[in-house]
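Have a look at query17.tsv; it's TSV, C-alpha atoms:
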```tsv
chain	number	residue	atom	x	y	z
A	1	MET	CA	0.00	0.00	0.00
A	2	ALA	CA	2.86	2.38	0.81
A	3	SER	CA	4.47	1.79	-2.59
A	4	ILE	CA	1.15	2.45	-4.33
A	5	SER	CA	0.87	5.68	-2.37
A	6	SER	CA	4.34	6.83	-3.46
A	7	ASN	CA	3.64	5.97	-7.10
A	8	LEU	CA	0.40	7.96	-7.06
A	9	LEU	CA	2.19	10.98	-5.62
A	10	PHE	CA	4.86	10.75	-8.33
A	11	ILE	CA	2.21	10.48	-11.05
A	12	SER	CA	0.39	13.54	-9.72
A	13	PHE	CA	3.65	15.51	-9.65
A	14	ILE	CA	4.41	14.66	-13.30
A	15	LEU	CA	0.87	15.53	-14.36
A	16	TYR	CA	1.14	18.91	-12.60
A	17	LEU	CA	4.38	19.60	-14.46
A	18	ILE	CA	2.83	18.76	-17.84
A	19	ALA	CA	-0.30	20.77	-16.99
A	20	THR	CA	1.85	23.81	-16.24
A	21	LEU	CA	3.36	23.60	-19.72
A	22	PHE	CA	-0.13	23.50	-21.24
A	23	PHE	CA	-1.19	26.48	-19.14
A	24	GLY	CA	1.75	28.32	-20.66
A	25	GLY	CA	0.60	27.34	-24.13
A	26	ALA	CA	-2.96	28.42	-23.34
A	27	ILE	CA	-2.00	32.06	-22.85
A	28	LYS	CA	0.18	32.49	-25.93
A	29	GLU	CA	-0.58	35.50	-28.10
A	30	LYS	CA	-3.88	35.20	-30.00
A	31	LYS	CA	-3.49	36.42	-33.57
A	32	SER	CA	-6.30	34.58	-35.33
A	33	LEU	CA	-9.54	32.78	-34.65
A	34	ASN	CA	-7.94	29.40	-35.31
A	35	GLU	CA	-5.15	30.18	-32.85
A	36	LYS	CA	-7.74	31.29	-30.32
A	37	LYS	CA	-9.40	27.91	-30.63
A	38	ALA	CA	-6.04	26.20	-30.24
A	39	THR	CA	-5.34	28.24	-27.14
A	40	ASN	CA	-8.68	27.27	-25.64
A	41	LYS	CA	-7.86	23.65	-26.37
A	42	TRP	CA	-4.52	23.96	-24.59
A	43	GLY	CA	-6.29	25.41	-21.58
A	44	LYS	CA	-8.83	22.60	-21.48
A	45	ILE	CA	-6.05	20.01	-21.63
A	46	ALA	CA	-4.19	21.82	-18.85
A	47	VAL	CA	-7.24	21.83	-16.57
A	48	PHE	CA	-8.01	18.19	-17.40
A	49	LEU	CA	-4.46	17.12	-16.52
A	50	THR	CA	-4.61	19.16	-13.31
A	51	ILE	CA	-7.83	17.42	-12.26
A	52	ILE	CA	-6.41	13.97	-13.06
A	53	GLY	CA	-3.26	14.86	-11.10
A	54	PHE	CA	-5.39	16.00	-8.17
A	55	ILE	CA	-7.33	12.72	-8.23
A	56	ALA	CA	-4.02	10.80	-8.27
A	57	GLN	CA	-2.75	12.81	-5.30
A	58	LEU	CA	-6.02	12.28	-3.49
A	59	GLY	CA	-5.44	8.56	-4.11
A	60	TYR	CA	-1.98	8.96	-2.56
A	61	PHE	CA	-3.52	10.62	0.50
A	62	ILE	CA	-6.13	7.87	0.97
A	63	THR	CA	-3.74	4.95	0.44
A	64	ARG	CA	-1.14	6.46	2.78
A	65	TRP	CA	-3.87	6.98	5.37
A	66	ILE	CA	-4.78	3.28	5.07
A	67	ALA	CA	-1.12	2.23	5.30
A	68	ALA	CA	-0.38	4.48	8.27
A	69	GLY	CA	-3.63	3.99	10.15
A	70	HIS	CA	-3.95	7.74	10.68
A	71	ALA	CA	-4.35	10.90	8.63
A	72	PRO	CA	-1.03	11.50	6.79
A	73	VAL	CA	-0.42	15.01	8.12
A	74	SER	CA	1.77	14.20	11.12
A	75	ASN	CA	5.21	15.26	9.81
A	76	MET	CA	6.73	17.72	7.36
A	77	PHE	CA	6.54	15.39	4.36
A	78	GLU	CA	2.90	14.52	4.93
A	79	PHE	CA	1.73	18.01	5.89
A	80	THR	CA	3.52	19.73	3.00
A	81	THR	CA	2.23	17.26	0.39
A	82	PHE	CA	-1.28	17.75	1.77
A	83	PHE	CA	-0.79	21.53	1.59
A	84	GLY	CA	0.25	21.16	-2.06
A	85	MET	CA	-2.80	19.01	-2.79
A	86	ALA	CA	-5.09	21.50	-1.06
A	87	LEU	CA	-3.54	24.30	-3.12
A	88	VAL	CA	-4.28	22.45	-6.36
A	89	GLY	CA	-7.82	21.70	-5.16
A	90	ALA	CA	-8.38	25.36	-4.30
A	91	PHE	CA	-7.14	26.38	-7.74
A	92	ILE	CA	-9.51	23.94	-9.46
A	93	VAL	CA	-12.49	25.40	-7.60
A	94	ILE	CA	-11.42	29.00	-8.29
A	95	TYR	CA	-10.79	28.17	-11.96
A	96	PHE	CA	-14.33	26.93	-12.51
A	97	ILE	CA	-15.62	30.15	-10.95
A	98	TYR	CA	-13.48	32.60	-12.93
A	99	ARG	CA	-12.29	30.53	-15.94
A	100	THR	CA	-8.80	32.02	-16.23
A	101	THR	CA	-5.92	29.79	-17.32
A	102	LEU	CA	-3.37	32.47	-16.41
A	103	LEU	CA	-4.05	31.77	-12.74
A	104	GLY	CA	-3.02	28.17	-13.40
A	105	LEU	CA	0.30	29.26	-14.87
A	106	PHE	CA	1.14	31.12	-11.65
A	107	THR	CA	-0.50	28.72	-9.16
A	108	MET	CA	0.69	25.35	-10.42
A	109	PRO	CA	4.43	26.14	-10.18
A	110	VAL	CA	3.88	27.12	-6.53
A	111	ALA	CA	2.10	23.80	-5.88
A	112	ILE	CA	4.89	21.93	-7.69
A	113	LEU	CA	7.54	23.68	-5.59
A	114	VAL	CA	5.63	22.87	-2.39
A	115	ILE	CA	5.41	19.16	-3.28
A	116	ALA	CA	9.06	19.09	-4.41
A	117	TYR	CA	10.00	20.74	-1.12
A	118	ALA	CA	8.07	18.02	0.74
A	119	SER	CA	9.92	15.27	-1.11
A	120	MET	CA	13.18	16.30	0.56
A	121	PHE	CA	11.93	15.16	3.99
A	122	PRO	CA	11.89	11.55	5.30
A	123	ARG	CA	8.94	9.66	3.80
A	124	ASP	CA	8.86	6.74	6.22
A	125	ILE	CA	5.54	5.91	7.83
A	126	SER	CA	5.98	5.90	11.60
A	127	PRO	CA	3.60	5.49	14.55
A	128	LEU	CA	2.12	8.65	16.01
A	129	ILE	CA	3.71	10.01	19.16
A	130	PRO	CA	1.24	10.26	22.10
A	131	ALA	CA	0.69	14.01	21.60
A	132	LEU	CA	-0.67	13.36	18.08
A	133	GLN	CA	-2.91	10.41	18.88
A	134	SER	CA	-6.16	12.32	18.62
A	135	TYR	CA	-8.90	12.84	16.05
A	136	TRP	CA	-8.11	16.55	16.42
A	137	LEU	CA	-5.02	15.82	14.32
A	138	HIS	CA	-7.29	15.25	11.32
A	139	ILE	CA	-9.51	18.22	12.08
A	140	HIS	CA	-7.00	20.89	13.11
A	141	VAL	CA	-4.16	20.22	10.66
A	142	THR	CA	-6.23	19.56	7.54
A	143	THR	CA	-8.49	22.58	8.09
A	144	ALA	CA	-5.51	24.87	8.71
A	145	ALA	CA	-3.77	23.58	5.57
A	146	ILE	CA	-6.88	24.06	3.44
A	147	GLY	CA	-7.25	27.62	4.75
A	148	GLU	CA	-3.60	28.37	3.92
A	149	ALA	CA	-4.02	26.83	0.47
A	150	ILE	CA	-6.99	29.07	-0.35
A	151	LEU	CA	-5.02	32.08	0.91
A	152	ALA	CA	-2.17	31.00	-1.40
A	153	ILE	CA	-4.48	31.55	-4.38
A	154	SER	CA	-4.64	35.21	-3.36
A	155	PHE	CA	-0.84	35.24	-3.57
A	156	ALA	CA	-0.88	33.91	-7.14
A	157	ALA	CA	-3.50	36.46	-8.18
A	158	GLY	CA	-1.66	39.25	-6.35
A	159	LEU	CA	1.59	38.28	-8.07
A	160	ILE	CA	-0.11	38.45	-11.47
A	161	TYR	CA	-1.41	41.91	-10.57
A	162	LEU	CA	2.03	43.17	-9.55
A	163	VAL	CA	3.79	41.73	-12.60
A	164	LYS	CA	1.33	43.56	-14.85
A	165	ALA	CA	1.00	46.79	-12.88
A	166	ILE	CA	4.62	47.52	-12.00
A	167	ASP	CA	6.67	49.44	-14.54
A	168	GLN	CA	9.68	47.27	-15.37
A	169	THR	CA	11.37	49.81	-17.66
A	170	LYS	CA	13.18	51.39	-14.71
A	171	SER	CA	14.48	50.24	-11.34
A	172	SER	CA	12.43	51.19	-8.28
A	173	LYS	CA	11.47	49.97	-4.83
A	174	LYS	CA	8.55	48.11	-6.38
A	175	THR	CA	10.70	46.26	-8.92
A	176	PHE	CA	13.19	45.45	-6.17
A	177	TRP	CA	10.62	43.90	-3.84
A	178	LEU	CA	8.90	42.06	-6.69
A	179	GLU	CA	12.27	40.57	-7.56
A	180	VAL	CA	12.77	39.59	-3.91
A	181	ILE	CA	9.60	37.51	-4.26
A	182	MET	CA	10.97	35.86	-7.39
A	183	PHE	CA	14.22	35.16	-5.57
A	184	GLY	CA	12.25	33.45	-2.79
A	185	LEU	CA	10.63	31.09	-5.29
A	186	VAL	CA	13.99	30.39	-6.91
A	187	THR	CA	15.44	29.62	-3.47
A	188	VAL	CA	12.90	26.81	-3.02
A	189	ILE	CA	14.12	25.35	-6.31
A	190	GLY	CA	17.65	25.74	-4.99
A	191	PHE	CA	16.68	23.78	-1.87
A	192	VAL	CA	15.33	20.91	-3.99
A	193	ILE	CA	18.46	20.86	-6.17
A	194	VAL	CA	21.03	20.97	-3.37
A	195	SER	CA	19.13	18.40	-1.28
A	196	SER	CA	18.91	16.06	-4.28
A	197	ILE	CA	22.64	16.40	-5.00
A	198	PHE	CA	23.72	15.52	-1.47
A	199	ALA	CA	21.12	12.73	-1.25
A	200	GLY	CA	22.43	11.32	-4.54
A	201	THR	CA	25.99	11.23	-3.19
A	202	GLY	CA	24.84	9.59	0.05
A	203	TYR	CA	26.44	12.30	2.16
A	204	GLN	CA	26.00	12.02	5.93
A	205	GLU	CA	27.81	12.83	9.16
A	206	LYS	CA	26.83	12.30	12.80
A	207	PHE	CA	27.20	14.40	15.93
A	208	ASN	CA	26.67	13.94	19.63
A	209	TRP	CA	25.12	17.07	21.09
A	210	ILE	CA	23.35	18.49	24.17
A	211	ASP	CA	19.70	19.43	23.61
A	212	LYS	CA	17.81	22.28	25.29
A	213	HIS	CA	16.85	20.00	28.18
A	214	GLY	CA	20.51	19.18	28.87
A	215	ASN	CA	20.23	15.63	27.54
A	216	GLN	CA	22.79	14.05	25.24
A	217	ALA	CA	21.48	13.09	21.81
A	218	GLU	CA	22.73	12.08	18.39
A	219	VAL	CA	21.92	13.90	15.16
A	220	GLU	CA	22.67	13.00	11.55
A	221	TYR	CA	23.43	15.66	8.94
A	222	LEU	CA	22.74	15.04	5.26
A	223	MET	CA	24.66	18.15	4.16
A	224	PRO	CA	28.04	19.51	5.32
A	225	ALA	CA	27.49	21.16	8.72
A	226	LEU	CA	27.98	24.90	8.31
A	227	THR	CA	26.05	25.31	11.59
A	228	GLY	CA	26.78	22.66	14.20
A	229	PRO	CA	24.61	21.44	17.11
A	230	HIS	CA	24.96	22.75	20.66
A	231	LYS	CA	28.18	21.40	22.23
A	232	GLY	CA	28.42	19.04	19.27
A	233	GLU	CA	31.02	16.28	18.96
A	234	LEU	CA	31.70	15.10	15.40
A	235	LEU	CA	31.46	11.28	15.24
A	236	THR	CA	32.04	10.77	11.52
A	237	GLU	CA	35.68	10.29	10.60
A	238	ASP	CA	36.95	13.03	8.24
A	239	GLY	CA	33.55	14.76	8.50
A	240	PHE	CA	33.12	18.48	7.87
A	241	LYS	CA	33.68	20.49	11.03
A	242	PRO	CA	30.97	23.16	11.64
A	243	LEU	CA	31.85	26.79	11.06
A	244	VAL	CA	29.67	27.90	13.98
A	245	GLU	CA	27.92	26.18	16.89
A	246	MET	CA	24.27	27.04	17.52
A	247	PRO	CA	22.46	27.37	20.88
A	248	ALA	CA	20.22	24.47	21.92
A	249	PHE	CA	16.91	26.26	21.21
A	250	ILE	CA	17.78	26.52	17.50
A	251	ASN	CA	17.60	23.41	15.33
A	252	ALA	CA	21.13	23.62	13.92
A	253	LYS	CA	20.63	20.81	11.41
A	254	LYS	CA	17.62	22.42	9.78
A	255	LEU	CA	19.13	25.90	9.92
A	256	ASN	CA	22.04	24.38	8.05
A	257	THR	CA	19.64	23.17	5.38
A	258	VAL	CA	18.15	26.65	5.08
A	259	ILE	CA	21.62	28.22	4.67
A	260	TRP	CA	22.55	25.73	1.96
A	261	SER	CA	19.23	26.45	0.24
A	262	PHE	CA	19.85	30.21	0.26
A	263	ALA	CA	23.33	29.68	-1.13
A	264	ALA	CA	21.93	27.47	-3.92
A	265	GLY	CA	19.15	30.00	-4.52
A	266	ILE	CA	21.64	32.85	-4.93
A	267	ILE	CA	23.68	30.87	-7.47
A	268	LEU	CA	20.59	29.70	-9.37
A	269	TYR	CA	19.07	33.20	-9.39
A	270	GLY	CA	22.33	34.59	-10.74
A	271	LEU	CA	22.34	32.03	-13.56
A	272	ILE	CA	18.71	32.81	-14.45
A	273	ARG	CA	19.45	36.54	-14.55
A	274	LEU	CA	22.51	35.89	-16.69
A	275	ILE	CA	20.41	33.93	-19.18
A	276	LEU	CA	17.41	36.29	-19.23
A	277	ARG	CA	19.54	39.48	-19.10
A	278	LYS	CA	16.72	41.17	-17.18
A	279	ARG	CA	14.68	40.85	-14.02
A	280	ILE	CA	12.48	37.76	-13.71
A	281	GLY	CA	9.47	40.03	-13.14
A	282	ALA	CA	10.19	41.79	-16.42
A	283	SER	CA	10.48	38.44	-18.20
A	284	LEU	CA	7.02	37.42	-16.97
A	285	LYS	CA	5.34	40.68	-18.01
A	286	PRO	CA	4.48	39.57	-21.60
A	287	LEU	CA	2.49	36.65	-20.15
A	288	VAL	CA	0.06	38.92	-18.30
A	289	LYS	CA	-0.59	41.60	-20.92
A	290	ASN	CA	-4.10	40.35	-21.75
A	291	ILE	CA	-5.38	40.08	-18.17
A	292	LYS	CA	-7.51	42.79	-16.57
A	293	LEU	CA	-6.23	44.17	-13.29
A	294	ASP	CA	-9.68	44.47	-11.71
A	295	PHE	CA	-10.31	40.81	-12.54
A	296	VAL	CA	-7.24	39.43	-10.72
A	297	ASP	CA	-7.81	41.89	-7.88
A	298	GLU	CA	-11.24	40.36	-7.35
A	299	ILE	CA	-9.81	36.81	-7.41
A	300	SER	CA	-7.21	37.77	-4.83
A	301	TYR	CA	-9.77	39.37	-2.53
A	302	ARG	CA	-12.33	36.55	-2.86
A	303	SER	CA	-9.63	34.00	-2.02
A	304	VAL	CA	-8.85	35.82	1.23
A	305	LEU	CA	-12.56	36.22	1.94
A	306	ILE	CA	-12.98	32.42	1.75
A	307	GLY	CA	-9.59	31.32	3.10
A	308	PHE	CA	-9.47	33.58	6.16
A	309	PRO	CA	-12.44	32.06	8.05
A	310	VAL	CA	-11.29	28.53	7.15
A	311	PHE	CA	-7.81	29.33	8.48
A	312	THR	CA	-9.33	30.90	11.59
A	313	LEU	CA	-11.31	27.76	12.26
A	314	GLY	CA	-8.41	25.35	11.72
A	315	ALA	CA	-5.32	27.22	12.91
A	316	LEU	CA	-6.84	28.99	15.90
A	317	ILE	CA	-10.15	27.60	17.14
A	318	PHE	CA	-9.53	23.89	16.53
A	319	ALA	CA	-5.89	24.35	17.56
A	320	MET	CA	-6.88	25.84	20.92
A	321	ILE	CA	-9.37	23.06	21.57
A	322	TRP	CA	-6.73	20.43	20.84
A	323	ALA	CA	-4.16	22.31	22.96
A	324	GLN	CA	-6.56	22.14	25.88
A	325	VAL	CA	-7.02	18.41	25.36
A	326	ALA	CA	-3.31	17.63	24.84
A	327	TRP	CA	-1.56	20.15	27.10
A	328	SER	CA	-4.37	21.27	29.47
A	329	ARG	CA	-4.24	24.88	28.30
A	330	PHE	CA	-5.82	26.76	25.39
A	331	TRP	CA	-2.83	28.94	24.64
A	332	GLY	CA	0.92	29.00	25.21
A	333	TRP	CA	3.73	30.94	23.64
A	334	ASP	CA	5.05	28.11	21.54
A	335	PRO	CA	6.64	29.54	18.34
A	336	LYS	CA	4.15	27.76	16.08
A	337	GLU	CA	1.19	29.14	18.02
A	338	VAL	CA	2.65	32.65	17.98
A	339	TRP	CA	3.18	32.63	14.23
A	340	ALA	CA	-0.27	31.19	13.59
A	341	LEU	CA	-1.62	34.18	15.54
A	342	ILE	CA	0.61	36.59	13.60
A	343	THR	CA	-0.71	35.12	10.34
A	344	TRP	CA	-4.30	35.51	11.54
A	345	LEU	CA	-3.71	39.11	12.68
A	346	PHE	CA	-2.14	39.98	9.33
A	347	TYR	CA	-5.09	38.70	7.30
A	348	ALA	CA	-7.49	40.35	9.73
A	349	ALA	CA	-5.64	43.62	9.02
A	350	PHE	CA	-5.84	42.79	5.30
A	351	MET	CA	-9.63	42.54	5.51
A	352	HIS	CA	-9.88	45.72	7.60
A	353	LEU	CA	-7.71	47.75	5.21
A	354	ARG	CA	-9.57	46.41	2.21
A	355	LEU	CA	-13.07	47.05	3.54
A	356	SER	CA	-12.57	50.16	5.67
A	357	LYS	CA	-9.63	51.97	4.10
A	358	GLY	CA	-10.24	51.12	0.47
A	359	TRP	CA	-6.94	49.31	-0.09
A	360	HIS	CA	-7.79	47.85	-3.47
A	361	GLY	CA	-5.58	47.10	-6.45
A	362	GLU	CA	-1.82	47.28	-5.99
A	363	LYS	CA	-1.90	47.78	-2.21
A	364	SER	CA	-4.13	44.75	-1.82
A	365	ALA	CA	-1.86	42.72	-4.12
A	366	TRP	CA	1.19	43.55	-1.99
A	367	LEU	CA	-0.71	42.48	1.14
A	368	ALA	CA	-1.64	39.17	-0.50
A	369	VAL	CA	2.00	38.52	-1.38
A	370	ILE	CA	3.25	39.47	2.11
A	371	GLY	CA	0.61	37.24	3.69
A	372	PHE	CA	1.83	34.25	1.73
A	373	ALA	CA	5.42	35.07	2.73
A	374	ILE	CA	4.30	34.89	6.38
A	375	ILE	CA	2.64	31.51	5.72
A	376	MET	CA	5.82	30.17	4.12
A	377	PHE	CA	7.96	31.54	6.95
A	378	ASN	CA	5.71	29.65	9.36
A	379	LEU	CA	6.01	26.50	7.26
A	380	VAL	CA	9.76	26.66	6.67
A	381	ALA	CA	11.59	28.74	9.29
A	382	VAL	CA	9.37	28.11	12.32
A	383	ASN	CA	9.07	24.38	11.64
A	384	LEU	CA	12.69	23.83	10.67
A	385	ILE	CA	14.74	26.17	12.82
A	386	ILE	CA	12.98	27.10	16.06
A	387	ALA	CA	12.51	24.28	18.56
A	388	GLY	CA	9.13	24.08	20.31
A	389	LEU	CA	6.20	21.85	21.16
A	390	HIS	CA	5.49	21.49	17.44
A	391	SER	CA	9.05	20.36	16.65
A	392	TYR	CA	7.79	16.86	15.86
A	393	ALA	CA	6.26	18.44	12.75
A	394	GLY	CA	9.71	19.19	11.47
A	395	SER	CA	10.83	15.60	11.30
```
If you convert what's in this file into structure tokens, what do you get?
Amino acid sequence: MASISSNLLFISFILYLIATLFFGGAIKEKKSLNEKKATNKWGKIAVFLTIIGFIAQLGYFITRWIAAGHAPVSNMFEFTTFFGMALVGAFIVIYFIYRTTLLGLFTMPVAILVIAYASMFPRDISPLIPALQSYWLHIHVTTAAIGEAILAISFAAGLIYLVKAIDQTKSSKKTFWLEVIMFGLVTVIGFVIVSSIFAGTGYQEKFNWIDKHGNQAEVEYLMPALTGPHKGELLTEDGFKPLVEMPAFINAKKLNTVIWSFAAGIILYGLIRLILRKRIGASLKPLVKNIKLDFVDEISYRSVLIGFPVFTLGALIFAMIWAQVAWSRFWGWDPKEVWALITWLFYAAFMHLRLSKGWHGEKSAWLAVIGFAIIMFNLVAVNLIIAGLHSYAGS
């Protein structure tokens, strides 16, 4: 059953990749009626492949659930693949409401990157630790992920708005920050590449270290240790000695992964810029020339309007109920809880500024992009670097 699950996930990933290519073909320049028909056909194929891929990934989710005996959202691999599936599902729903293939061209690569990011984590099925043995695992985590996935659609729409609205003929603060967003996406690709390279070479080294509770533990690195564990002792002969030792409350191994990812992202971004000879945002501008700004602004806003209450329900209300059951308190200052609250406060401010202050258009698009950056920071940095009660999610 586990092998069937893995195969279904791989199939869905390939279908998403092919669908993205068809979405690109669907928005090519329309010069004649025949070409318009061809473009529509490309779009239909792209949506069809996306739906088939989603069904395959749903099959992965169900078969892994059967194999594991619990909802497959208990670690980083499972949660992130579910988040990617929810993102694709949210796109499919939004597509049939607004019928725009351009949204697919910007959404599907994000979903692909999320699933590729998930593939870098251990995929083994393991028993649930006592803290996760609750039906609230299914309710809280899945609802929160679905809410974040719907909010991610607002990011894709906001990104389309910014690419079209920002003048790329001259450098400005707007072009700089738009390019920062592009660099962030490239960095995820860098993470996948560098992780795959070291995994392919079978690189590993082990350390003894002292955790935040003062206990001795062993940790295995799959990349050269630029940041070493607290009071770490290198066990691997001829292993790479860390450049700096981290305090116990920081997950040095996962911070090391983030640093390697940023380094790979910088190199990859430099190569892309060298090939394109212009900013990535400027390179994408021809793709969005036929879209109406008011149209994508509405998509972005509606996505937040739907995603925000779902996120509120899953990430706050259900989370507090489960916290009371598991830890006998509704709220603590665990890093994951704090950042879930920060995310909620940000989108609450988004709604307030949109409805009360009239922040439509470009301002709203920037907020949608920043909101997704906060979600990704919560997913990546908080899970991977900062130790807390939710650290089991980073395994």
Give me the region 125-190 of chain A side of the contact with region 254-264 of chain A, cut-off 8 Å, one line per residue showing its nearest atom pair and distance in Å at one decimal, counting all atoms listed in the file, sorted by chain and residue number, as a Markdown table.
```
| residue | atom | partner | partner_atom | distance |
| --- | --- | --- | --- | --- |
| A:Thr187 | CA | A:Phe262 | CA | 5.8 |
| A:Val188 | CA | A:Ser261 | CA | 7.1 |
| A:Gly190 | CA | A:Ala264 | CA | 4.7 |
```
### Query
Got a sec: who's within 10 Å of region 361-371 of chain A, counting all atoms listed in the file, leaving out chain neighbours fewer than 3 positions off, as a PyMOL selection string?
chain A and resi 148+151-162+165-166+174+177-178+181+293-298+300-301+303-304+342-344+346-347+349-351+353-354+358+374-377
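Near (21.4, 12.3, 22.0), the residues inside the 12 Å limit, counting only C-alpha atoms, come to Lys206, Phe207, Asn208, Trp209, Ile210, Asp211, Lys212, His213, Gly214, Asn215, Gln216, Ala217, Glu218, Val219, Glu220, Pro229, His230, Lys231, Gly232 and Glu233 of chain A.
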Could the residues in this selection be written to a file with C-alpha atoms, as a PDB file, in the coordinates of the input?
```
ATOM      1  CA  LYS A 206      26.830  12.300  12.800  1.00  0.00           C
ATOM      2  CA  PHE A 207      27.200  14.400  15.930  1.00  0.00           C
ATOM      3  CA  ASN A 208      26.670  13.940  19.630  1.00  0.00           C
ATOM      4  CA  TRP A 209      25.120  17.070  21.090  1.00  0.00           C
ATOM      5  CA  ILE A 210      23.350  18.490  24.170  1.00  0.00           C
ATOM      6  CA  ASP A 211      19.700  19.430  23.610  1.00  0.00           C
ATOM      7  CA  LYS A 212      17.810  22.280  25.290  1.00  0.00           C
ATOM      8  CA  HIS A 213      16.850  20.000  28.180  1.00  0.00           C
ATOM      9  CA  GLY A 214      20.510  19.180  28.870  1.00  0.00           C
ATOM     10  CA  ASN A 215      20.230  15.630  27.540  1.00  0.00           C
ATOM     11  CA  GLN A 216      22.790  14.050  25.240  1.00  0.00           C
ATOM     12  CA  ALA A 217      21.480  13.090  21.810  1.00  0.00           C
ATOM     13  CA  GLU A 218      22.730  12.080  18.390  1.00  0.00           C
ATOM     14  CA  VAL A 219      21.920  13.900  15.160  1.00  0.00           C
ATOM     15  CA  GLU A 220      22.670  13.000  11.550  1.00  0.00           C
ATOM     16  CA  PRO A 229      24.610  21.440  17.110  1.00  0.00           C
ATOM     17  CA  HIS A 230      24.960  22.750  20.660  1.00  0.00           C
ATOM     18  CA  LYS A 231      28.180  21.400  22.230  1.00  0.00           C
ATOM     19  CA  GLY A 232      28.420  19.040  19.270  1.00  0.00           C
ATOM     20  CA  GLU A 233      31.020  16.280  18.960  1.00  0.00           C
TER      21      GLU A 233
END
```
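A cut-off of 8 Å from the point (-7.8, 22.1, 8.6), with only C-alpha atoms, picks out the residues His138, Ile139, His140, Val141, Thr142, Thr143, Ala144, Ala145, Ile146, Gly147, Val310, Phe311, Leu313, Gly314 and Ala315 of chain A.
With distances taken over all atoms listed in the file, A:Val110 is the one residue among A:Val325, A:Leu103, A:Ala67, A:Val110 lying closest to Ile189 (chain A).
Between CA of Thr236 (chain A) and CA of Ser196 (chain A) lies a distance of 21.2 Å.
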### Task
Extract, using all atoms listed in the file, all DNA, RNA and protein residues at most 8 Å from Ile11 (chain A), discarding same-chain residues fewer than 2 positions from it, and format them as a PyMOL selection string.
chain A and resi 7-9+13-15+53+56-57
### Summary
Correct to one decimal, the distance CA of Gly265 (chain A)-CA of Val186 (chain A) is 5.7 Å
#### Entry: Residue contacts of Tyr60 (chain A) (12 Å, all atoms listed in the file) excluding same-chain residues fewer than 3 positions away, as a PyMOL selection string
chain A and resi 1-13+53-57+63-68+71-72+78+81-82+85
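The coordinates place CA of Leu379 (chain A) at 13.2 Å from CA of Leu113 (chain A).
Among the candidates A:Val244, A:Leu284, A:Val380, A:Ile291, the one nearest to Phe191 (chain A) when counting all atoms listed in the file is A:Val380.
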### Message
Residues within 9 Å of Thr20 (chain A), please, as a ChimeraX atom specification. Count only C-alpha atoms; anything in the same chain fewer than 6 positions from it doesn't count.
### Response
/A:46,50,104-109
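Counting only C-alpha atoms, the residue from A:Met223, A:Val180, A:Trp359, A:Leu287 that sits nearest to Gly25 (chain A) is A:Leu287.
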